[in-house]
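Working notes, beginning with the structure itself.
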Amino acid sequence: MSPESQPYEPYDFDVLIAGAGPAGCAAAYDLARAGRRVLLLDKRTFPRPKACACGLTRKTLQALRYSVDPVAERVCHEIVLQYEGEVRVRTRAPICALAVRERFDAFCLQQTLQAGAQLRKIETVLALRELPTHIELDIATADGAATGAGTETLRAPVLIGADGSNGQTRRLTAGNGDEPAWYSTGFALEACVPYADLPATLPGGGAPTDLVFDFSPLPGGYGWLFPKGDHINIGVGAFAPDMEDTQLKSVTRALLTDYAAQKLGIVTLAHITGQQLGMGGHAYVPRGRVLLTGDAAGLVDPLTGEGIHSAIVSGQAAAAAVLEALPPELSSRPEREARSGETCILAAAYAHHLRPLQQTLAFSARAARAFYREPERGLRAMRTPVLRSLILKTYADGLPYTKLITALAKAVS
């Protein structure tokens with residue numbers, strides 16, 4: 001495609017966002033509502049399948065700018081924690097809402113496009129160049145992939161990387177294509193079992209509507225049962241910090257199949273899907289004009305494996321940094337000189353807005369190391385009313401780091 005025929009002229013957009021999942025949509029929604037011109041880029045056509053149990057904690061629902069009631073399939077007031085016994089914890093307020101990730105993502109994207117953001121399907125990102133005043137992104141366009149001739153260069157003052165653990169922006173930003181030293185991954189497998197396929201009585205005697213976290217199937221992670229509208233999402237995952245390769249390799253189809261037989265009395269599973277989880281993001285330091293968010297920034301919680309909340313909060317933090325650091329008229333002046341220190345100002349602003357989340361994730365990493373060494377101690381803590389209330393409130397509401405430390409100190413004193 002010749003430069004004259006390119007549909008997007010230089011600086012037609014204030015912000016490019018790679019990835020239209022929860023992190024990308026959270027950033028795009030805030031930016032579009034603030035009047036910025038935003039282009040979301042994604043390889044997939046929505047709605048698209050996505051491996052994820054999709055439990056939306058209270059803190060996640062509070063962080064969202066809009067209600068997701070239309071796609072919430074169940075609201076849970078009780079969780080069941082299992083490891084050589086079980087603890088049932090029930091609350092008056094809902095602990096979390098459960099949705100199907102495919103529908104949740106499509107709904108969030110719909111809200112974001114209605115706010116004024118634009119979406120474009122691409123085949124892949126070919127190259128990323130960070131210049132003094134802007135980003136250049138070479139993409140393979142969806143309509144030209146068959147011939148190999150569909151390439152295009154997009155330009156904007158900032159790129160938000162929201163393309164997940166398997167995305168390209170993180171590695172392209174590193175320059176050499178390698179993963180940064182702070183980044184690590186967990187891994188999870190899941191399947192969906194219709195209620196109609198379940199036996200009349202589950203093997204363990206539990207109800208098919210129980211929201212279960214089971215820490216017995218594997219070290220450094222847990223198995224789960226998340227009841228949805230017409231099916232149960234069952235899965236196993238490993239994501240504790242400092243995992244050995246053997247722990248990740250223990251997350252297999254055979255393990256999930258055996259777990260389904262044990263929990264649900266199902267001997268075969270259809271459509272098992274897997275997903276890497278981006279970890280280590282509490283040590284991520286933003287630099288330059290590429291702001292990484294969500295799994296792309298390794299912001300999955302290492303204690304719970306929860307990623308949607310971090311995706312939304314980090315996307316909003318990236319949007320806040322752009323609004324704070326870059327003036328709205330920047331996209332109309334492609335020939336402009338960079339303001340003194342503009343790139344540093346942008347990175348510093350993002351680091352500032354991201355810091356509370358990173359502090360909480362750093363605390364979660366320390367807690368996860370202790371918990372997954374001896375899960376039975378964690379369950380004993382859940383039997384103590386004061387600690388149970390603190391732990392549950394932290395999971396559901398996301399206590400700010402300073403309040404969490406203060407409350408924990410009072411609880412153990």
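Convention: chains lettered A, B, ... in structure tokens order; per-chain residue numbering from 1; ligands numbered from 1 as shown.
Non-sequential neighbours of A:Gln316 (distance at most 7 Å, separation of 3 or more positions within a chain, only C-alpha atoms) are A:Ala26, A:Ala27, A:Asp30, A:Ile312, A:Val313, A:Ala319, A:Ala320.
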**Message:** Between A:Ser184, A:Phe46, A:Pro328, A:Thr60, which residue has the minimum interatomic distance to A:Tyr11, considering only C-alpha atoms?
**Reply:** A:Pro328
**Request:** Compare A:Pro132, A:Ala23, A:Phe371, A:Arg380 by their minimum atom-to-atom distance to A:Ala317, counting only C-alpha atoms, and give me the closest one.
**Result:**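 Looking only at the distances to A:Ala317, the closest residue turns out to be A:Ala23.
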Show me a table, sorted first by chain and then by increasing residue number, of the residues of stretch 6-81 of chain A having an atom at most 12 Å from stretch 237-256 of chain A, each with its shortest atom pair and the distance in Å to one decimal, counting only C-alpha atoms and written as a Markdown table.
| residue | atom | partner | partner_atom | distance |
| --- | --- | --- | --- | --- |
| A:Ala51 | CA | A:Gly237 | CA | 11.6 |
| A:Cys52 | CA | A:Gly237 | CA | 10.8 |
| A:Ala53 | CA | A:Gly237 | CA | 10.8 |
**Request:** Pull the strand (DSSP E or B) assignments for stretch 117-341 of chain A out of DSSP run on the backbone, and list those residues as a PyMOL selection string.
**Result:** chain A and resi 118-130+135-141+151-156+158-161+184-194+212-214+221-227+231-238+273-279+287+290-292
**Message:** Give me, as a ChimeraX atom specification, the residues of stretch 181-371 of chain A that a backbone DSSP run labels alpha helix (DSSP H).
**Reply:** /A:245-249,253-264,308-325,342-371
Env of stretch 222-230 of chain A: 10 Å cut, atoms = only C-alpha atoms, seq-sep filter 5 positions within chain, self excluded. Answer as a PDB file with N, CA and C atoms, in the first residue's frame.
ATOM      1  N   ALA A  53     -11.868 -18.057  33.658  1.00  0.00           N
ATOM      2  CA  ALA A  53     -13.016 -18.404  34.499  1.00  0.00           C
ATOM      3  C   ALA A  53     -13.976 -17.233  34.657  1.00  0.00           C
ATOM      4  N   CYS A  54     -13.469 -16.010  34.498  1.00  0.00           N
ATOM      5  CA  CYS A  54     -14.280 -14.769  34.476  1.00  0.00           C
ATOM      6  C   CYS A  54     -15.116 -14.595  35.741  1.00  0.00           C
ATOM      7  N   GLY A  55     -14.419 -14.612  36.881  1.00  0.00           N
ATOM      8  CA  GLY A  55     -15.035 -14.192  38.123  1.00  0.00           C
ATOM      9  C   GLY A  55     -14.764 -12.720  38.334  1.00  0.00           C
ATOM     10  N   ALA A  72     -23.767 -10.648  33.360  1.00  0.00           N
ATOM     11  CA  ALA A  72     -23.507 -11.412  34.581  1.00  0.00           C
ATOM     12  C   ALA A  72     -24.491 -12.570  34.663  1.00  0.00           C
ATOM     13  N   GLU A  73     -23.976 -13.798  34.746  1.00  0.00           N
ATOM     14  CA  GLU A  73     -24.836 -14.978  34.717  1.00  0.00           C
ATOM     15  C   GLU A  73     -25.174 -15.500  36.109  1.00  0.00           C
ATOM     16  N   ARG A  74     -24.376 -15.150  37.091  1.00  0.00           N
ATOM     17  CA  ARG A  74     -24.642 -15.600  38.458  1.00  0.00           C
ATOM     18  C   ARG A  74     -23.925 -14.662  39.417  1.00  0.00           C
ATOM     19  N   VAL A  75     -24.539 -14.413  40.565  1.00  0.00           N
ATOM     20  CA  VAL A  75     -23.916 -13.624  41.620  1.00  0.00           C
ATOM     21  C   VAL A  75     -23.726 -14.538  42.825  1.00  0.00           C
ATOM     22  N   CYS A  76     -22.504 -14.568  43.352  1.00  0.00           N
ATOM     23  CA  CYS A  76     -22.178 -15.504  44.432  1.00  0.00           C
ATOM     24  C   CYS A  76     -21.969 -14.769  45.746  1.00  0.00           C
ATOM     25  N   ILE A  79     -18.157 -18.636  49.009  1.00  0.00           N
ATOM     26  CA  ILE A  79     -17.073 -19.360  48.364  1.00  0.00           C
ATOM     27  C   ILE A  79     -16.698 -20.550  49.230  1.00  0.00           C
ATOM     28  N   VAL A  80     -16.202 -21.606  48.589  1.00  0.00           N
ATOM     29  CA  VAL A  80     -15.766 -22.816  49.271  1.00  0.00           C
ATOM     30  C   VAL A  80     -14.277 -22.983  49.032  1.00  0.00           C
ATOM     31  N   LEU A  81     -13.492 -22.977  50.102  1.00  0.00           N
ATOM     32  CA  LEU A  81     -12.045 -23.168  50.033  1.00  0.00           C
ATOM     33  C   LEU A  81     -11.719 -24.576  50.500  1.00  0.00           C
ATOM     34  N   GLN A  82     -10.937 -25.308  49.713  1.00  0.00           N
ATOM     35  CA  GLN A  82     -10.672 -26.721  50.014  1.00  0.00           C
ATOM     36  C   GLN A  82      -9.182 -27.016  50.020  1.00  0.00           C
ATOM     37  N   TYR A  83      -8.767 -27.786  51.027  1.00  0.00           N
ATOM     38  CA  TYR A  83      -7.437 -28.380  51.103  1.00  0.00           C
ATOM     39  C   TYR A  83      -7.436 -29.256  52.348  1.00  0.00           C
ATOM     40  N   ALA A  97     -19.380 -11.601  40.800  1.00  0.00           N
ATOM     41  CA  ALA A  97     -20.319 -11.981  39.750  1.00  0.00           C
ATOM     42  C   ALA A  97     -19.573 -12.860  38.760  1.00  0.00           C
ATOM     43  N   LEU A  98     -20.290 -13.785  38.157  1.00  0.00           N
ATOM     44  CA  LEU A  98     -19.680 -14.711  37.207  1.00  0.00           C
ATOM     45  C   LEU A  98     -20.249 -14.459  35.822  1.00  0.00           C
ATOM     46  N   ALA A  99     -19.361 -14.399  34.847  1.00  0.00           N
ATOM     47  CA  ALA A  99     -19.753 -14.172  33.461  1.00  0.00           C
ATOM     48  C   ALA A  99     -18.966 -15.120  32.567  1.00  0.00           C
ATOM     49  N   VAL A 100     -19.342 -15.164  31.312  1.00  0.00           N
ATOM     50  CA  VAL A 100     -18.578 -15.881  30.295  1.00  0.00           C
ATOM     51  C   VAL A 100     -17.669 -14.871  29.630  1.00  0.00           C
ATOM     52  N   ALA A 188      -2.814 -21.960  32.884  1.00  0.00           N
ATOM     53  CA  ALA A 188      -4.072 -22.543  33.347  1.00  0.00           C
ATOM     54  C   ALA A 188      -4.767 -23.247  32.193  1.00  0.00           C
ATOM     55  N   LEU A 189      -5.513 -24.302  32.530  1.00  0.00           N
ATOM     56  CA  LEU A 189      -6.361 -25.024  31.587  1.00  0.00           C
ATOM     57  C   LEU A 189      -7.780 -25.035  32.125  1.00  0.00           C
ATOM     58  N   GLU A 190      -8.761 -25.003  31.232  1.00  0.00           N
ATOM     59  CA  GLU A 190     -10.153 -24.997  31.671  1.00  0.00           C
ATOM     60  C   GLU A 190     -11.037 -25.706  30.653  1.00  0.00           C
ATOM     61  N   CYS A 192     -15.629 -26.287  29.967  1.00  0.00           N
ATOM     62  CA  CYS A 192     -16.994 -25.972  30.379  1.00  0.00           C
ATOM     63  C   CYS A 192     -17.842 -27.230  30.298  1.00  0.00           C
ATOM     64  N   VAL A 193     -18.548 -27.528  31.392  1.00  0.00           N
ATOM     65  CA  VAL A 193     -19.376 -28.734  31.472  1.00  0.00           C
ATOM     66  C   VAL A 193     -20.829 -28.313  31.664  1.00  0.00           C
ATOM     67  N   PRO A 194     -21.711 -28.601  30.709  1.00  0.00           N
ATOM     68  CA  PRO A 194     -23.132 -28.249  30.878  1.00  0.00           C
ATOM     69  C   PRO A 194     -23.739 -28.957  32.090  1.00  0.00           C
ATOM     70  N   TYR A 195     -24.633 -28.265  32.784  1.00  0.00           N
ATOM     71  CA  TYR A 195     -25.312 -28.896  33.919  1.00  0.00           C
ATOM     72  C   TYR A 195     -26.038 -30.160  33.478  1.00  0.00           C
ATOM     73  N   ALA A 196     -26.521 -30.176  32.243  1.00  0.00           N
ATOM     74  CA  ALA A 196     -27.267 -31.336  31.759  1.00  0.00           C
ATOM     75  C   ALA A 196     -26.403 -32.589  31.681  1.00  0.00           C
ATOM     76  N   ALA A 207     -22.824 -28.969  45.840  1.00  0.00           N
ATOM     77  CA  ALA A 207     -23.842 -28.522  44.901  1.00  0.00           C
ATOM     78  C   ALA A 207     -23.179 -27.973  43.645  1.00  0.00           C
ATOM     79  N   PRO A 208     -23.821 -28.136  42.484  1.00  0.00           N
ATOM     80  CA  PRO A 208     -23.226 -27.602  41.251  1.00  0.00           C
ATOM     81  C   PRO A 208     -23.178 -26.083  41.220  1.00  0.00           C
ATOM     82  N   THR A 209     -23.784 -25.433  42.206  1.00  0.00           N
ATOM     83  CA  THR A 209     -23.754 -23.967  42.269  1.00  0.00           C
ATOM     84  C   THR A 209     -22.670 -23.449  43.208  1.00  0.00           C
ATOM     85  N   ASP A 210     -21.858 -24.326  43.798  1.00  0.00           N
ATOM     86  CA  ASP A 210     -20.783 -23.891  44.688  1.00  0.00           C
ATOM     87  C   ASP A 210     -19.653 -23.260  43.891  1.00  0.00           C
ATOM     88  N   LEU A 211     -19.152 -22.121  44.388  1.00  0.00           N
ATOM     89  CA  LEU A 211     -17.962 -21.472  43.834  1.00  0.00           C
ATOM     90  C   LEU A 211     -16.767 -21.996  44.631  1.00  0.00           C
ATOM     91  N   VAL A 212     -15.942 -22.833  44.001  1.00  0.00           N
ATOM     92  CA  VAL A 212     -14.930 -23.605  44.718  1.00  0.00           C
ATOM     93  C   VAL A 212     -13.522 -23.204  44.296  1.00  0.00           C
ATOM     94  N   PHE A 213     -12.648 -22.999  45.300  1.00  0.00           N
ATOM     95  CA  PHE A 213     -11.207 -22.882  45.105  1.00  0.00           C
ATOM     96  C   PHE A 213     -10.567 -24.051  45.854  1.00  0.00           C
ATOM     97  N   ASP A 214      -9.928 -24.954  45.138  1.00  0.00           N
ATOM     98  CA  ASP A 214      -9.402 -26.194  45.709  1.00  0.00           C
ATOM     99  C   ASP A 214      -7.885 -26.201  45.529  1.00  0.00           C
ATOM    100  N   PHE A 215      -7.143 -26.154  46.644  1.00  0.00           N
ATOM    101  CA  PHE A 215      -5.689 -26.030  46.583  1.00  0.00           C
ATOM    102  C   PHE A 215      -4.964 -27.375  46.637  1.00  0.00           C
ATOM    103  N   SER A 216      -5.709 -28.459  46.500  1.00  0.00           N
ATOM    104  CA  SER A 216      -5.094 -29.789  46.608  1.00  0.00           C
ATOM    105  C   SER A 216      -4.602 -30.392  45.296  1.00  0.00           C
ATOM    106  N   PRO A 217      -5.116 -30.021  44.097  1.00  0.00           N
ATOM    107  CA  PRO A 217      -4.720 -30.759  42.901  1.00  0.00           C
ATOM    108  C   PRO A 217      -3.257 -30.601  42.485  1.00  0.00           C
ATOM    109  N   GLY A 235     -11.385 -25.775  36.082  1.00  0.00           N
ATOM    110  CA  GLY A 235     -10.027 -25.546  35.602  1.00  0.00           C
ATOM    111  C   GLY A 235      -8.978 -25.823  36.651  1.00  0.00           C
ATOM    112  N   VAL A 236      -7.726 -25.832  36.206  1.00  0.00           N
ATOM    113  CA  VAL A 236      -6.562 -25.957  37.078  1.00  0.00           C
ATOM    114  C   VAL A 236      -5.511 -24.980  36.577  1.00  0.00           C
ATOM    115  N   GLY A 237      -4.782 -24.370  37.518  1.00  0.00           N
ATOM    116  CA  GLY A 237      -3.770 -23.408  37.110  1.00  0.00           C
ATOM    117  C   GLY A 237      -2.663 -23.288  38.126  1.00  0.00           C
ATOM    118  N   ALA A 238      -1.474 -22.934  37.670  1.00  0.00           N
ATOM    119  CA  ALA A 238      -0.314 -22.710  38.534  1.00  0.00           C
ATOM    120  C   ALA A 238       0.216 -21.321  38.260  1.00  0.00           C
ATOM    121  N   PHE A 239       0.419 -20.526  39.316  1.00  0.00           N
ATOM    122  CA  PHE A 239       0.848 -19.149  39.126  1.00  0.00           C
ATOM    123  C   PHE A 239       1.580 -18.573  40.325  1.00  0.00           C
ATOM    124  N   ALA A 240       1.984 -19.395  41.300  1.00  0.00           N
ATOM    125  CA  ALA A 240       2.716 -18.879  42.450  1.00  0.00           C
ATOM    126  C   ALA A 240       4.069 -18.327  41.999  1.00  0.00           C
ATOM    127  N   LEU A 255      -4.329 -33.907  34.017  1.00  0.00           N
ATOM    128  CA  LEU A 255      -4.655 -33.419  35.358  1.00  0.00           C
ATOM    129  C   LEU A 255      -6.068 -32.862  35.389  1.00  0.00           C
ATOM    130  N   LEU A 256      -6.419 -32.046  34.393  1.00  0.00           N
ATOM    131  CA  LEU A 256      -7.756 -31.459  34.373  1.00  0.00           C
ATOM    132  C   LEU A 256      -8.829 -32.527  34.192  1.00  0.00           C
ATOM    133  N   TYR A 259      -9.248 -34.283  37.421  1.00  0.00           N
ATOM    134  CA  TYR A 259      -9.911 -33.399  38.377  1.00  0.00           C
ATOM    135  C   TYR A 259     -11.410 -33.329  38.103  1.00  0.00           C
ATOM    136  N   ALA A 260     -11.787 -33.285  36.827  1.00  0.00           N
ATOM    137  CA  ALA A 260     -13.208 -33.263  36.468  1.00  0.00           C
ATOM    138  C   ALA A 260     -13.899 -34.552  36.874  1.00  0.00           C
ATOM    139  N   LYS A 263     -14.326 -34.300  40.744  1.00  0.00           N
ATOM    140  CA  LYS A 263     -15.254 -33.295  41.234  1.00  0.00           C
ATOM    141  C   LYS A 263     -16.655 -33.412  40.649  1.00  0.00           C
ATOM    142  N   LEU A 264     -16.717 -33.773  39.380  1.00  0.00           N
ATOM    143  CA  LEU A 264     -17.997 -33.715  38.671  1.00  0.00           C
ATOM    144  C   LEU A 264     -18.496 -35.073  38.189  1.00  0.00           C
ATOM    145  N   THR A 304      -4.046 -15.062  43.768  1.00  0.00           N
ATOM    146  CA  THR A 304      -5.361 -15.556  43.348  1.00  0.00           C
ATOM    147  C   THR A 304      -5.439 -15.933  41.874  1.00  0.00           C
ATOM    148  N   GLY A 305      -4.475 -15.477  41.075  1.00  0.00           N
ATOM    149  CA  GLY A 305      -4.550 -15.700  39.644  1.00  0.00           C
ATOM    150  C   GLY A 305      -5.518 -14.769  38.944  1.00  0.00           C
ATOM    151  N   TYR A 372       1.438 -20.804  49.370  1.00  0.00           N
ATOM    152  CA  TYR A 372       1.555 -22.013  48.563  1.00  0.00           C
ATOM    153  C   TYR A 372       2.608 -22.982  49.078  1.00  0.00           C
TER     154      TYR A 372
END
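Atom pair atom CA of A:Arg48 / atom CA of A:Pro286 has a distance of 29.7 Å (rounded to one decimal).
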**Request:** Give me, please, the distance in Å between atom CA of A:Leu154 and atom CA of A:Leu16, quoted to one decimal.
**Result:**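 Separating atom CA of A:Leu154 from atom CA of A:Leu16 is a distance of 8.3 Å.
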**Prompt:** Between atom CA of A:Ser314 and atom CA of A:Ile234, what is the distance, to one decimal in Å?
**Reply:**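 Here the two named atoms are 27.5 Å from each other.
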Using only C-alpha atoms, which protein or nucleic acid residues come within 9 Å of A:Leu39? Drop anything in the same chain fewer than 5 positions from it, and give the result as a tab-separated table (two decimals) with C-alpha atoms, in the first residue's frame.
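Saved file part_31.tsv follows:
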chain	number	residue	atom	x	y	z
A	13	PHE	CA	-5.01	9.31	16.43
A	14	ASP	CA	-3.86	10.52	19.80
A	15	VAL	CA	-3.37	6.97	21.06
A	16	LEU	CA	-2.94	3.53	19.51
A	17	ILE	CA	-3.96	0.59	21.68
A	18	ALA	CA	-2.81	-2.94	20.85
A	28	ALA	CA	-9.81	3.45	25.35
A	117	ALA	CA	-13.14	4.75	20.27
A	118	GLN	CA	-12.47	3.06	16.93
A	119	LEU	CA	-11.55	-0.59	16.29
A	120	ARG	CA	-9.55	-2.13	13.49
**Message:** Restricting the calculation to only C-alpha atoms: of A:Val290, A:Ala200, A:Ile95, A:Ile232, which residue gets closest to A:Ala318?
**Reply:**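 Ranking A:Val290, A:Ala200, A:Ile95, A:Ile232 by distance to A:Ala318, first place goes to A:Val290.
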Non-local contacts of A:Gly116 (8 Å; only C-alpha atoms; under 2 positions in same chain excluded) as a PDB file with N, CA and C atoms, in the first residue's frame:
ATOM      1  N   TYR A  29     -11.819   3.566  26.703  1.00  0.00           N
ATOM      2  CA  TYR A  29     -13.076   4.161  27.168  1.00  0.00           C
ATOM      3  C   TYR A  29     -12.807   5.519  27.818  1.00  0.00           C
ATOM      4  N   ALA A  32     -11.474   8.053  25.149  1.00  0.00           N
ATOM      5  CA  ALA A  32     -12.514   8.495  24.213  1.00  0.00           C
ATOM      6  C   ALA A  32     -13.503   9.432  24.892  1.00  0.00           C
ATOM      7  N   ARG A  33     -13.870   9.099  26.138  1.00  0.00           N
ATOM      8  CA  ARG A  33     -14.796   9.968  26.867  1.00  0.00           C
ATOM      9  C   ARG A  33     -14.182  11.341  27.122  1.00  0.00           C
ATOM     10  N   ARG A  37      -8.730  10.910  20.358  1.00  0.00           N
ATOM     11  CA  ARG A  37      -8.981  10.025  19.227  1.00  0.00           C
ATOM     12  C   ARG A  37      -8.180   8.740  19.421  1.00  0.00           C
ATOM     13  N   VAL A  38      -8.889   7.640  19.535  1.00  0.00           N
ATOM     14  CA  VAL A  38      -8.289   6.372  19.957  1.00  0.00           C
ATOM     15  C   VAL A  38      -8.574   5.301  18.919  1.00  0.00           C
ATOM     16  N   THR A 112     -17.157   0.608  24.791  1.00  0.00           N
ATOM     17  CA  THR A 112     -16.007   1.440  24.442  1.00  0.00           C
ATOM     18  C   THR A 112     -16.181   2.079  23.075  1.00  0.00           C
ATOM     19  N   LEU A 113     -16.709   1.321  22.122  1.00  0.00           N
ATOM     20  CA  LEU A 113     -16.953   1.881  20.801  1.00  0.00           C
ATOM     21  C   LEU A 113     -18.058   2.933  20.855  1.00  0.00           C
ATOM     22  N   GLN A 114     -19.056   2.708  21.696  1.00  0.00           N
ATOM     23  CA  GLN A 114     -20.112   3.700  21.849  1.00  0.00           C
ATOM     24  C   GLN A 114     -19.584   4.985  22.491  1.00  0.00           C
ATOM     25  N   GLN A 118     -12.361   3.797  18.175  1.00  0.00           N
ATOM     26  CA  GLN A 118     -12.472   3.057  16.930  1.00  0.00           C
ATOM     27  C   GLN A 118     -11.726   1.734  17.059  1.00  0.00           C
TER      28      GLN A 118
END
**Prompt:** Restricting the calculation to only C-alpha atoms, which member of A:Ala296, A:Leu303, A:Gly220, A:Arg355 is positioned closest to A:His282?
**Reply:**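 Of A:Ala296, A:Leu303, A:Gly220, A:Arg355, the one nearest A:His282 is A:Arg355, counting only C-alpha atoms.
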**Message:** Considering only C-alpha atoms, can you say which of A:Ala106, A:Val89, A:Leu61, A:Ile308 comes closest to A:Leu379?
**Reply:**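 Residue with the minimum atom-to-atom distance to A:Leu379: A:Val89.
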Please identify every residue of stretch 100-155 of chain A that has at least one atom no farther than 8 Å from an atom of stretch 162-179 of chain A, counting only C-alpha atoms, and for each give the shortest atom pair and the distance in Å to one decimal, arranged by chain then increasing number, as a Markdown table.
| residue | atom | partner | partner_atom | distance |
| --- | --- | --- | --- | --- |
| A:Val125 | CA | A:Gln168 | CA | 7.1 |
| A:Ala127 | CA | A:Leu172 | CA | 7.2 |
| A:Leu128 | CA | A:Leu172 | CA | 6.3 |
